[in-house]
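Enquirer: Structure file input.tsv (TSV, C-alpha atoms) is given on the next line.
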```tsv
chain	number	residue	atom	x	y	z
Y	1	MET	CA	93.27	56.14	143.38
Y	2	LEU	CA	92.29	59.75	142.89
Y	3	SER	CA	95.85	60.75	142.00
Y	4	ARG	CA	95.76	58.16	139.23
Y	5	LEU	CA	92.40	59.22	137.91
Y	6	LEU	CA	93.07	62.94	137.83
Y	7	PRO	CA	95.56	62.91	134.95
Y	8	VAL	CA	93.27	60.72	132.94
Y	9	LEU	CA	90.35	63.04	133.60
Y	10	PHE	CA	92.30	66.14	132.65
Y	11	SER	CA	93.65	64.44	129.54
Y	12	PHE	CA	90.13	63.51	128.54
Y	13	LEU	CA	88.89	67.06	129.07
Y	14	TRP	CA	91.80	68.47	127.12
Y	15	LEU	CA	91.18	66.11	124.18
Y	16	VAL	CA	87.50	67.01	124.17
Y	17	ALA	CA	88.38	70.70	124.27
Y	18	CYS	CA	90.81	70.32	121.37
Y	19	GLY	CA	88.18	68.52	119.38
Y	20	LEU	CA	85.62	71.25	119.96
Y	21	ARG	CA	87.90	74.10	119.00
Y	22	PRO	CA	88.50	74.55	115.30
Y	23	SER	CA	92.04	75.06	114.10
Y	24	SER	CA	93.27	78.62	113.60
Y	25	GLU	CA	93.01	78.24	109.82
Y	26	GLU	CA	89.39	77.19	110.15
Y	27	VAL	CA	88.74	80.23	112.32
Y	28	LYS	CA	90.11	82.48	109.61
Y	29	THR	CA	87.87	81.11	106.91
Y	30	ALA	CA	84.75	80.46	108.94
Y	31	GLU	CA	84.58	83.47	111.31
Y	32	ARG	CA	86.46	86.14	109.44
Y	33	GLY	CA	84.98	85.02	106.17
Y	34	PRO	CA	84.61	86.99	102.98
Y	35	ASN	CA	83.22	90.02	104.83
Y	36	LEU	CA	86.44	90.75	106.67
Y	37	ASP	CA	88.48	90.06	103.55
Y	38	SER	CA	86.41	92.47	101.49
Y	39	LEU	CA	86.69	95.10	104.22
Y	40	ARG	CA	90.47	94.71	104.17
Y	41	ALA	CA	90.56	94.94	100.38
Y	42	ARG	CA	88.40	98.06	100.49
Y	43	HIS	CA	90.67	99.53	103.16
Y	44	ALA	CA	93.79	98.97	101.07
Y	45	ALA	CA	92.11	100.44	97.97
Y	46	LEU	CA	90.98	103.56	99.85
Y	47	LYS	CA	94.43	104.08	101.37
Y	48	GLY	CA	95.86	103.85	97.87
Y	49	GLN	CA	93.36	106.43	96.59
Y	50	LEU	CA	94.23	108.78	99.44
Y	51	GLU	CA	97.97	108.43	98.86
Y	52	GLN	CA	97.42	109.39	95.23
Y	53	GLN	CA	96.14	112.79	96.39
Y	54	ALA	CA	99.53	113.65	97.89
Y	55	PRO	CA	101.74	115.85	95.71
Y	56	ALA	CA	104.21	113.90	93.59
Y	57	GLY	CA	106.81	116.68	93.70
Y	58	PRO	CA	108.01	119.04	96.43
Y	59	TYR	CA	105.47	120.98	98.47
Y	60	ILE	CA	105.76	123.81	100.97
Y	61	LEU	CA	104.41	123.43	104.49
Y	62	VAL	CA	104.15	126.42	106.84
Y	63	ASP	CA	103.59	126.14	110.59
Y	64	THR	CA	102.45	129.66	111.51
Y	65	ALA	CA	102.36	128.95	115.25
Y	66	ARG	CA	106.03	128.04	115.37
Y	67	ASN	CA	107.12	130.19	112.40
Y	68	ARG	CA	108.67	127.35	110.44
Y	69	LEU	CA	108.60	126.69	106.71
Y	70	TYR	CA	109.37	123.24	105.38
Y	71	VAL	CA	109.91	122.06	101.84
Y	72	LYS	CA	109.01	118.38	101.69
Y	73	ARG	CA	108.72	115.64	99.13
Y	74	ARG	CA	106.42	112.92	100.46
Y	75	ASP	CA	107.76	112.29	103.98
Y	76	ARG	CA	111.24	113.60	103.23
Y	77	VAL	CA	112.12	117.06	104.53
Y	78	LEU	CA	114.22	118.93	101.95
Y	79	LEU	CA	114.44	122.21	103.88
Y	80	THR	CA	113.57	123.49	107.35
Y	81	ALA	CA	113.60	127.28	107.53
Y	82	VAL	CA	112.85	129.78	110.29
Y	83	ALA	CA	110.20	132.16	108.95
Y	84	SER	CA	108.13	135.12	110.05
Y	85	THR	CA	104.37	134.93	109.59
Y	86	GLY	CA	101.32	137.09	110.31
Y	87	SER	CA	101.19	139.13	113.50
Y	88	GLY	CA	97.46	138.61	114.05
Y	89	THR	CA	97.05	142.31	114.87
Y	90	THR	CA	94.40	144.64	113.46
Y	91	LEU	CA	94.46	148.18	112.08
Y	92	GLU	CA	91.45	150.45	111.64
Y	93	ASN	CA	90.85	151.57	108.06
Y	94	PRO	CA	90.13	155.32	108.28
Y	95	GLY	CA	89.04	155.33	104.62
Y	96	ARG	CA	86.19	152.96	105.43
Y	97	PRO	CA	85.04	153.52	109.01
Y	98	GLY	CA	84.01	150.39	110.84
Y	99	THR	CA	86.36	148.19	108.84
Y	100	GLN	CA	89.81	146.98	109.70
Y	101	TRP	CA	92.72	145.03	108.33
Y	102	VAL	CA	93.58	141.75	110.06
Y	103	PHE	CA	97.22	140.81	109.61
Y	104	ASP	CA	96.94	137.03	109.57
Y	105	THR	CA	98.73	134.57	107.35
Y	106	PRO	CA	95.88	132.68	105.72
Y	107	ARG	CA	95.50	129.02	106.72
Y	108	GLY	CA	94.67	126.50	104.02
Y	109	ASP	CA	95.80	124.73	100.89
Y	110	PHE	CA	97.25	127.06	98.23
Y	111	ALA	CA	99.63	126.84	95.28
Y	112	ILE	CA	102.44	129.03	93.96
Y	113	ASN	CA	100.89	131.17	91.22
Y	114	SER	CA	103.68	133.69	90.54
Y	115	ARG	CA	107.48	133.73	90.77
Y	116	LEU	CA	109.07	137.16	90.71
Y	117	THR	CA	112.79	137.93	90.56
Y	118	ASN	CA	114.02	141.16	92.19
Y	119	PRO	CA	110.49	142.15	93.14
Y	120	VAL	CA	109.53	145.66	94.18
Y	121	TRP	CA	107.07	146.27	96.97
Y	122	VAL	CA	103.99	148.21	95.90
Y	123	LYS	CA	103.02	149.51	99.31
Y	124	PRO	CA	99.33	149.07	100.14
Y	125	ASP	CA	97.29	151.68	102.03
Y	126	TRP	CA	97.90	150.09	105.44
Y	127	ALA	CA	101.68	150.45	105.07
Y	128	PHE	CA	101.23	154.24	105.08
Y	129	ILE	CA	98.44	154.42	107.65
Y	130	GLU	CA	100.37	152.20	110.06
Y	131	VAL	CA	103.21	154.72	110.25
Y	132	GLY	CA	100.93	157.75	110.31
Y	133	GLN	CA	101.58	158.87	106.73
Y	134	ALA	CA	99.05	160.01	104.15
Y	135	VAL	CA	98.19	157.49	101.44
Y	136	PRO	CA	99.83	158.84	98.23
Y	137	LYS	CA	97.71	159.64	95.20
Y	138	ASN	CA	100.53	158.95	92.75
Y	139	PRO	CA	100.97	155.15	92.30
Y	140	GLY	CA	104.67	155.68	91.70
Y	141	ASP	CA	105.06	156.85	95.29
Y	142	ARG	CA	104.04	153.40	96.51
Y	143	ILE	CA	106.98	151.57	94.95
Y	144	GLU	CA	109.76	150.53	97.26
Y	145	PRO	CA	112.55	148.35	95.82
Y	146	GLY	CA	114.82	146.08	97.85
Y	147	MET	CA	112.34	145.31	100.63
Y	148	LEU	CA	111.30	141.83	99.50
Y	149	GLY	CA	114.68	140.25	98.79
Y	150	GLU	CA	115.73	138.45	95.65
Y	151	TYR	CA	112.51	136.57	94.98
Y	152	ALA	CA	108.80	136.70	95.75
Y	153	LEU	CA	106.60	133.62	95.36
Y	154	GLY	CA	102.90	134.49	95.24
Y	155	PHE	CA	100.32	132.05	96.55
Y	156	GLY	CA	97.14	134.10	96.06
Y	157	LYS	CA	95.19	137.12	97.33
Y	158	GLY	CA	98.33	139.27	97.44
Y	159	TYR	CA	100.26	137.00	99.80
Y	160	PHE	CA	103.89	136.13	99.03
Y	161	ILE	CA	106.81	134.16	100.35
Y	162	HIS	CA	109.63	136.68	100.15
Y	163	GLY	CA	112.88	137.89	101.70
Y	164	THR	CA	113.39	140.44	104.44
Y	165	LEU	CA	115.70	143.15	105.68
Y	166	TYR	CA	114.71	142.26	109.25
Y	167	ASN	CA	116.40	138.92	109.87
Y	168	ARG	CA	116.26	139.54	113.63
Y	169	PHE	CA	112.47	139.07	113.52
Y	170	LEU	CA	112.63	135.64	111.90
Y	171	GLY	CA	110.91	133.11	114.15
Y	172	LYS	CA	108.32	135.67	115.27
Y	173	ASN	CA	104.81	136.58	114.20
Y	174	VAL	CA	105.51	140.05	112.88
Y	175	THR	CA	104.31	140.25	109.26
Y	176	HIS	CA	101.16	141.59	107.66
Y	177	GLY	CA	100.33	138.11	106.37
Y	178	CYS	CA	103.22	137.35	104.02
Y	179	ILE	CA	105.84	134.74	104.86
Y	180	ARG	CA	109.38	136.06	105.24
Y	181	LEU	CA	112.58	134.03	104.93
Y	182	ASN	CA	116.27	134.83	105.01
Y	183	ASP	CA	118.09	135.15	101.67
Y	184	GLU	CA	119.63	131.68	101.65
Y	185	ASP	CA	116.42	129.82	102.51
Y	186	LEU	CA	114.50	131.93	100.00
Y	187	ARG	CA	116.96	130.91	97.27
Y	188	ILE	CA	116.43	127.22	98.10
Y	189	VAL	CA	112.64	127.55	98.20
Y	190	HIS	CA	112.73	129.36	94.85
Y	191	LYS	CA	114.90	126.62	93.35
Y	192	LEU	CA	112.75	123.75	94.67
Y	193	SER	CA	109.38	125.27	93.76
Y	194	ASN	CA	107.57	126.07	90.58
Y	195	ILE	CA	104.21	127.43	89.46
Y	196	GLY	CA	101.66	125.03	90.93
Y	197	THR	CA	103.80	123.87	93.86
Y	198	PRO	CA	101.39	123.30	96.76
Y	199	VAL	CA	101.65	125.59	99.79
Y	200	MET	CA	99.89	124.22	102.85
Y	201	ILE	CA	99.59	126.57	105.80
Y	202	PHE	CA	98.27	125.75	109.25
G	1	MET	CA	104.25	61.31	138.64
G	2	ARG	CA	104.02	64.95	139.69
G	3	PRO	CA	105.54	66.74	136.69
G	4	PRO	CA	103.27	65.02	134.12
G	5	LEU	CA	100.24	65.76	136.24
G	6	LEU	CA	101.19	69.42	136.45
G	7	LEU	CA	101.80	69.52	132.74
G	8	ILE	CA	98.44	68.00	132.02
G	9	ARG	CA	96.73	70.49	134.31
G	10	VAL	CA	98.42	73.38	132.58
G	11	LEU	CA	97.50	72.01	129.17
G	12	SER	CA	93.92	71.49	130.27
G	13	LEU	CA	93.60	75.01	131.55
G	14	THR	CA	95.14	76.43	128.40
G	15	SER	CA	92.78	74.48	126.20
G	16	VAL	CA	89.79	75.59	128.26
G	17	LEU	CA	90.90	79.19	127.89
G	18	LEU	CA	91.34	78.76	124.15
G	19	VAL	CA	87.90	77.27	123.77
G	20	ALA	CA	86.38	79.99	125.90
G	21	SER	CA	87.96	82.85	123.93
G	22	PRO	CA	85.05	84.65	122.31
G	23	ALA	CA	84.77	85.82	118.73
G	24	ALA	CA	84.59	89.43	119.97
G	25	PRO	CA	88.06	90.50	118.80
G	26	LEU	CA	87.20	89.41	115.27
G	27	GLU	CA	83.91	91.26	115.37
G	28	SER	CA	85.84	94.20	116.69
G	29	ASP	CA	88.28	93.91	113.77
G	30	ALA	CA	85.43	94.10	111.30
G	31	GLU	CA	83.80	97.01	113.10
G	32	SER	CA	87.10	98.84	113.31
G	33	LEU	CA	87.74	98.30	109.59
G	34	ARG	CA	84.24	99.50	108.73
G	35	GLU	CA	84.84	102.68	110.71
G	36	ALA	CA	88.31	103.20	109.22
G	37	ASN	CA	86.86	102.76	105.72
G	38	ARG	CA	84.06	105.23	106.41
G	39	VAL	CA	86.61	107.84	107.44
G	40	LEU	CA	88.88	107.04	104.48
G	41	GLU	CA	85.98	107.44	102.03
G	42	GLU	CA	85.34	110.94	103.37
G	43	GLU	CA	89.05	111.73	103.39
G	44	VAL	CA	89.45	110.81	99.72
G	45	LYS	CA	86.70	113.34	98.87
G	46	LEU	CA	88.17	116.07	101.11
G	47	ALA	CA	91.72	115.54	99.86
G	48	ALA	CA	90.54	116.01	96.27
G	49	ARG	CA	88.93	119.37	97.18
G	50	ARG	CA	92.27	120.95	98.15
G	51	GLN	CA	91.40	122.07	101.64
G	52	LEU	CA	92.88	121.35	105.02
G	53	TYR	CA	90.75	119.29	107.34
G	54	LEU	CA	90.75	117.96	110.88
G	55	LEU	CA	90.66	114.32	111.77
G	56	VAL	CA	89.93	113.64	115.42
G	57	ASP	CA	91.06	110.05	115.78
G	58	LEU	CA	89.57	108.75	119.01
G	59	SER	CA	90.87	105.25	118.36
G	60	GLU	CA	94.47	106.51	118.45
G	61	ASN	CA	93.89	109.53	120.74
G	62	VAL	CA	95.26	112.12	118.35
G	63	VAL	CA	93.99	115.17	116.47
G	64	ARG	CA	95.46	115.31	112.98
G	65	ILE	CA	95.59	118.39	110.76
G	66	LYS	CA	95.56	117.00	107.25
G	67	GLY	CA	95.84	118.23	103.68
G	68	ARG	CA	95.75	116.23	100.44
G	69	GLY	CA	95.52	113.10	102.57
G	70	MET	CA	98.83	113.83	104.33
G	71	GLU	CA	99.24	114.40	108.02
G	72	LEU	CA	100.62	117.93	108.42
G	73	HIS	CA	100.53	118.15	112.20
G	74	ARG	CA	99.34	116.05	115.11
G	75	LEU	CA	98.17	116.92	118.60
G	76	PRO	CA	97.88	114.24	121.29
G	77	ILE	CA	94.55	113.80	123.10
G	78	SER	CA	95.02	113.20	126.84
G	79	ALA	CA	91.50	111.82	127.24
G	80	TRP	CA	88.05	112.20	125.73
G	81	SER	CA	84.44	111.45	126.49
G	82	SER	CA	81.21	111.39	124.57
G	83	ALA	CA	77.88	109.78	125.23
G	84	GLU	CA	76.83	109.93	121.58
G	85	ARG	CA	79.35	108.01	119.49
G	86	GLU	CA	76.99	107.22	116.63
G	87	ALA	CA	76.19	110.93	116.14
G	88	LEU	CA	79.89	111.67	115.66
G	89	ARG	CA	80.12	109.56	112.51
G	90	ARG	CA	79.59	112.18	109.82
G	91	LEU	CA	81.28	115.13	108.16
G	92	PHE	CA	81.11	118.41	110.10
G	93	ARG	CA	82.20	121.97	109.32
G	94	LEU	CA	83.54	124.43	111.85
G	95	GLN	CA	81.27	127.46	112.21
G	96	ALA	CA	83.93	129.81	113.58
G	97	ARG	CA	87.39	129.80	115.09
G	98	PRO	CA	87.56	130.43	118.84
G	99	ALA	CA	87.36	134.14	119.56
G	100	ILE	CA	90.69	135.73	120.41
G	101	SER	CA	91.47	139.24	121.52
G	102	ARG	CA	93.68	140.74	118.83
G	103	PRO	CA	96.05	143.58	119.61
G	104	ARG	CA	95.30	146.80	117.73
G	105	THR	CA	98.01	148.54	115.77
G	106	VAL	CA	98.01	152.24	116.53
G	107	PRO	CA	99.19	154.54	113.72
G	108	GLU	CA	102.64	155.86	114.48
G	109	GLY	CA	102.87	153.41	117.37
G	110	ASP	CA	105.37	150.57	117.51
G	111	PRO	CA	103.84	147.83	115.35
G	112	LEU	CA	106.04	145.25	117.10
G	113	ALA	CA	105.05	146.27	120.62
G	114	ASP	CA	102.07	143.93	121.01
G	115	LEU	CA	102.21	140.87	118.79
G	116	ILE	CA	100.01	137.84	118.98
G	117	ASP	CA	101.59	134.60	120.12
G	118	LEU	CA	100.61	130.97	120.50
G	119	ARG	CA	100.39	131.61	124.26
G	120	ASP	CA	97.61	134.14	123.61
G	121	MET	CA	95.35	131.37	122.35
G	122	PRO	CA	92.66	130.01	124.68
G	123	MET	CA	93.15	126.71	126.50
G	124	GLU	CA	89.48	126.10	127.19
G	125	TYR	CA	86.84	126.68	124.54
G	126	ASP	CA	83.88	125.23	122.66
G	127	LEU	CA	83.98	124.56	118.92
G	128	ARG	CA	80.61	124.59	117.18
G	129	PHE	CA	80.02	122.70	113.97
G	130	ASP	CA	77.45	122.17	111.25
G	131	PRO	CA	75.53	119.85	111.46
G	132	PRO	CA	75.19	120.57	115.16
G	133	LEU	CA	78.07	119.26	117.21
G	134	ILE	CA	79.98	120.84	120.05
G	135	ILE	CA	83.55	119.92	120.83
G	136	ALA	CA	84.48	121.14	124.28
G	137	VAL	CA	88.25	121.52	124.60
G	138	ALA	CA	89.68	121.68	128.09
G	139	PRO	CA	92.95	120.83	129.80
G	140	PRO	CA	93.09	117.65	131.88
G	141	ALA	CA	91.94	118.16	135.47
G	142	ARG	CA	95.47	117.65	136.82
G	143	GLU	CA	96.78	120.55	134.70
G	144	ARG	CA	94.11	123.21	135.16
G	145	PRO	CA	91.31	122.09	137.48
G	146	LEU	CA	89.61	125.50	137.48
G	147	LEU	CA	89.45	125.70	133.70
G	148	LEU	CA	87.99	122.21	133.55
G	149	ALA	CA	85.39	123.17	136.16
G	150	LYS	CA	84.51	126.25	134.08
G	151	SER	CA	84.13	124.12	130.97
G	152	LEU	CA	81.89	121.60	132.74
G	153	ALA	CA	79.77	124.41	134.23
G	154	ARG	CA	79.32	125.96	130.78
G	155	GLU	CA	78.27	122.60	129.36
G	156	TRP	CA	75.72	122.13	132.12
G	157	TRP	CA	74.36	125.66	131.60
G	158	SER	CA	74.10	125.26	127.82
G	159	ARG	CA	72.12	122.05	128.33
G	160	VAL	CA	69.77	123.84	130.71
G	161	VAL	CA	69.27	126.69	128.22
G	162	TRP	CA	68.72	124.23	125.39
G	163	ARG	CA	66.01	122.43	127.34
G	164	PHE	CA	64.36	125.70	128.28
G	165	ARG	CA	64.30	127.06	124.74
G	166	ARG	CA	63.37	123.83	122.97
G	167	ASP	CA	60.86	121.16	123.68
G	168	PRO	CA	61.30	120.34	127.38
G	169	ALA	CA	60.99	116.68	126.48
G	170	ALA	CA	63.82	116.92	123.98
G	171	SER	CA	67.27	115.61	124.80
G	172	GLY	CA	69.93	117.98	126.10
G	173	GLY	CA	71.12	119.69	122.92
G	174	PRO	CA	73.46	118.80	120.10
G	175	PRO	CA	75.89	115.91	120.44
G	176	ARG	CA	78.98	116.73	122.43
G	177	LEU	CA	82.53	115.50	122.41
G	178	ARG	CA	84.79	116.52	125.23
G	179	LEU	CA	88.50	116.59	124.38
G	180	TYR	CA	91.09	116.90	127.10
G	181	LEU	CA	94.19	118.42	125.54
G	182	SER	CA	97.39	119.65	127.13
G	183	GLN	CA	97.71	123.42	127.36
G	184	GLU	CA	100.02	123.59	124.32
G	185	ALA	CA	97.92	121.20	122.24
G	186	ALA	CA	94.72	123.16	123.01
G	187	GLN	CA	96.38	126.44	122.05
G	188	SER	CA	97.91	124.95	118.90
G	189	LEU	CA	94.52	123.64	117.83
G	190	ALA	CA	92.87	127.03	118.40
G	191	TRP	CA	95.65	128.68	116.40
G	192	SER	CA	95.46	126.34	113.41
G	193	LEU	CA	91.69	126.27	112.91
G	194	ALA	CA	90.03	128.08	110.02
G	195	ASP	CA	86.38	129.01	109.60
G	196	GLY	CA	84.49	126.36	107.64
G	197	MET	CA	87.20	123.75	108.22
G	198	PRO	CA	85.87	120.22	107.67
G	199	LEU	CA	86.03	117.77	110.55
G	200	LEU	CA	85.98	113.99	110.62
G	201	ILE	CA	85.89	111.90	113.77
G	202	ARG	CA	87.08	108.33	113.83
G	203	THR	CA	85.41	106.55	116.70
G	204	PRO	CA	86.91	103.48	118.34
G	205	SER	CA	85.18	100.17	117.95
G	206	PRO	CA	83.48	98.99	121.13
G	207	SER	CA	85.82	96.80	123.17
```
For this file, write the structure as structure tokens.
Expert:
Amino acid sequence: MLSRLLPVLFSFLWLVACGLRPSSEEVKTAERGPNLDSLRARHAALKGQLEQQAPAGPYILVDTARNRLYVKRRDRVLLTAVASTGSGTTLENPGRPGTQWVFDTPRGDFAINSRLTNPVWVKPDWAFIEVGQAVPKNPGDRIEPGMLGEYALGFGKGYFIHGTLYNRFLGKNVTHGCIRLNDEDLRIVHKLSNIGTPVMIF
Amino acid sequence: MRPPLLLIRVLSLTSVLLVASPAAPLESDAESLREANRVLEEEVKLAARRQLYLLVDLSENVVRIKGRGMELHRLPISAWSSAEREALRRLFRLQARPAISRPRTVPEGDPLADLIDLRDMPMEYDLRFDPPLIIAVAPPARERPLLLAKSLAREWWSRVVWRFRRDPAASGGPPRLRLYLSQEAAQSLAWSLADGMPLLIRTPSPS
């Protein structure tokens, strides 16, 4: 008797349960409602606004911890280059006691603001002090051609992306803050960039 | 007779489970979207200001270094804890990078003799923000138990000092978020930070 009743009982319970539970479509409209829909619409709109902030053209990305420079367009990597970035060391400034130079590559969001071909290096004070030489009085004595490679791309405050004579140090933190590349990579970066090209450094 | 009975039992159980399923996941969806939208609203403003910023995404366990809305680099979070989730939902600015000992260049010395490296960065440190927030970064206990113990001891001591200096009835200092990062991730984060860097935290919706 019980074995006959059980299926009937379960069937009854199941039918009751089905009747109590709204269909999945009803759930969507009743429980999710306009609030969830408006949140989703807002989410999509905000994501769109954020995507619009990304550069439309190529941009330069520099990973100073791993000494890599990338040229990217959106998510596409156009160039991966081994670079040299700031050494992080300090040097006392004897001209102004109590102050020092810190040789870091600056972190942040910059843009190319100058593009020089066959640049000459105008040696700053620290370049002389570092090697134990007197700082020259004649500005002409500061000029040193051929040190920066074929191009120099300035991104503000005296910092440049430029070439190097010391290819063996690429991949290491050895510079005074500038970003060094080998000749071939520098040529590609020069070709792909322009005034205003973003340079993001972390 | 047996197979239909079994089938009916299974169907009954399934229907009971379906009826009993709460509306919590939907509520959670809405809460999660609200939180995602809050973070996105702040990101849109930061991205327009042309500055790199940090997004600590606790819902996906990742620290993102971002610029112009794009993810530039990501660091996985092994684990995290915070007792004050609501207090994390605002824009913060880093007061200062973690202190590092920088090698000095000696005139006429070899400038390449002592260079700084990612491995010179600290693995265990506190980051202080404005408005007041402390992010304590430490390696997971399984990696460096002593460093974690040091970090926890410093947190306990700072709470004691806070109580002593402030109103004894006040709570134990600024809100805290403890991030457990692998050794490399902790050092990478310390390396990439800049003074004044904005910080956003995306908190997970309650489960």
Enquirer: Extract, using only C-alpha atoms, all DNA, RNA and protein residues at most 10 Å from Thr64 of chain Y, discarding same-chain residues fewer than 6 positions from it, and format them as JSON, numbers by chain.
Expert: {"Y": [83, 84, 85, 86, 87, 104, 105, 106, 107, 171, 172, 173, 179, 201, 202], "G": [117, 118, 188, 191, 192]}
Enquirer: Between G:Ile135, G:Leu75, G:Ala149, G:Leu193, which is the closest to chain Y once you count only C-alpha atoms?
Expert: G:Leu193
Enquirer: Taking into account only C-alpha atoms, which residue in the set Y:Asp109, Y:Glu130, Y:Asp125, Y:Glu184 is nearest to Gly156 of chain Y?
Expert: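 When distances to Gly156 of chain Y are compared using only C-alpha atoms, the smallest one comes from Y:Asp109.
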Enquirer: Within 8 Å of (111.6, 122.9, 103.0) in the file's own coordinates, which protein, DNA or RNA residues have an atom, counting only C-alpha atoms? List them as JSON, numbers by chain.
Expert: {"Y": [59, 60, 61, 69, 70, 71, 72, 77, 78, 79, 80, 81, 189]}
Enquirer: Go through G:Pro140, G:Arg178, G:Arg89, G:Leu189 one by one, measure the shortest atom-to-atom distance of each to Glu155 of chain G using all atoms listed in the file, and give the residue with the smallest value.
Expert: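 Under the stated criterion, the closest residue is G:Arg178.
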Enquirer: Which is closer to chain Y than all the others in G:Leu127, G:Ala87, G:Ala190, G:Leu55, using all atoms listed in the file?
Expert: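 Comparing G:Leu127, G:Ala87, G:Ala190, G:Leu55 against chain Y, the winner is G:Ala190.
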Enquirer: Taking all atoms listed in the file into account, find every residue of chain Y that has an atom no more than 6 Å from chain G, and write it out as a PyMOL selection string.
Expert: chain Y and resi 7+14+21+36+43+50+53-54+65+87-91+108-109+130-132+202
